[in-house]
Amino acid sequence: MGPHLQEPNEEELYEHHKFVASKGQEPLRVDKFLMNFIENATRNKIQQAAKDGHIWVNDKIVKQNYKVKAGDEVKVLFEHPPHELLLTPEDIPLDIVYEDDVLLVVNKPAGMVVHPGHGNYSGTLINALLFHTKDLPTNDNERPGLVHRIDKDTSGLLVVAKTEAAMTHLAKQFFDKTSEREYIALVWGNVEDDEGTVEGNIARNPKNRLQMQVFPLGDEGKEAVTHYKVLERLGYVTLLSCKLETGRTHQIRVHMKYIGHTLFNDERYGGDKVLKGTTFTKYKQFVDNAFKILPRQALHAKTLGFVHPVTGKHMRFDSEIPEDMANCIAKWQDYSKHSKQ
């Protein structure tokens with residue numbers, strides 16, 4: 001078979017994006033479809049990619065007016081590798097809480113992206129790690145050292161593998177649900193039960209690709225389990241400890257919203273609005289001030305536990321709640337003391 005245009009030449013083309021249209025996908029032009037799916041995309045760029053023959057559906061090049069249907073596999077292929085494969089070491093300070101020959105544990109600040117991706121090709125934790133450690137093994141997604149991830153605006157502990165063997169060993173612990181991950185979260189509303197478990201499969205929201213969503217019937221998405229415990233009731237908000245049994249993208253953020261307790265100031269999931277409380281201007285002003293103190297979702301990966309891949313010893317790390325979140329919690333503690341709710 002000759003090298004004609006209808007077959008992707010895998011040696012020359014690199015896959016930058018791949019999406020499979022969900023079962024409920026109404027026919028939609030491929031340029032509009034990709035606009036919903038790709039962060040920081042512009043209509044112009046997508047149309048140019050279509051003109052240049054870079055958009056493929058079910059392994060055939062399509063024009064921008066192709067209508068995507070349920071089950072279609074949409075790919076964007078270019079002649080150059082994705083930026084995330086062209087990783088540059090950068091001298092960025094890291095808060096390393098533990099390190100040996102096979103792994104390290106980092107306390108990531110809020111605002112730092114973990115790995116390069118659309119729109120974030122520098123200043124990430126991976127760029128910093130590559131400067132700090134010359135050879136990092138890559139995981140299944142070609143992402144060096146990463147066993148698990150935490151969101152850009154979530155702070156806290158992350159383990160990074162420095163060898164292939166450590167990567168495999170640690171990844172298996174996360175897969176087998178034997179690792180320990182505890183987060184501290186401040187959520188909207190008074191969480192009724194002192195403790196509980198949220199179960200519900202998580203997948204991307206078909207209407208908004210930047211959000212995840214719970215699919216309770218279990219026929220879509222990946223299994224997700226979060227155990228929570230109330231640490232302190234502060235009237236219109238509650239301080240929780242959340243333990244992850246699984247580690248899905250945005251898991252705590254999505255699960256908490258699902259049970260009616262969106263994370264405080266979680267913009268992506270609507271927690272940056274006054275969701276509980278009075279209508280008084282004074283209260284609204286108090287909440288706005290709390291948002292300013294903590295300009296991100298109130299979530300911190302506080303505790304991390306796993307078995308060391310070489311020594312077999314159980315290791316457990318704990319971290320302080322960062323200043324922005326601690327100050328916001330203190331503000332609510334003070335408010336709940338002084339207000340008769």
# chains A, B, ... in the order shown; residues from 1 in each chain; ligands from 1

$ residues_around --residues "A:Val230" --least-positions-apart "2" --cutoff "12 Å" --atoms "only C-alpha atoms" --output "ChimeraX atom specification"
/A:184-187,189-197,227-228,232-234,237-243

$ residues_around --residues "A:Trp332" --least-positions-apart "5" --cutoff "9 Å" --atoms "only C-alpha atoms" --output "PyMOL selection string"
chain A and resi 234-237+290+327+337

$ select_by_dssp --residues "stretch 197-299 of chain A" --states "alpha helix (DSSP H)" --output "NGL selection string"
:A and (251-258 or 281-293)

$ closest_residue --among "A:Glu220, A:Arg29, A:Pro144, A:Leu77" --to "A:Asp52" --atoms "only C-alpha atoms"
A:Leu77
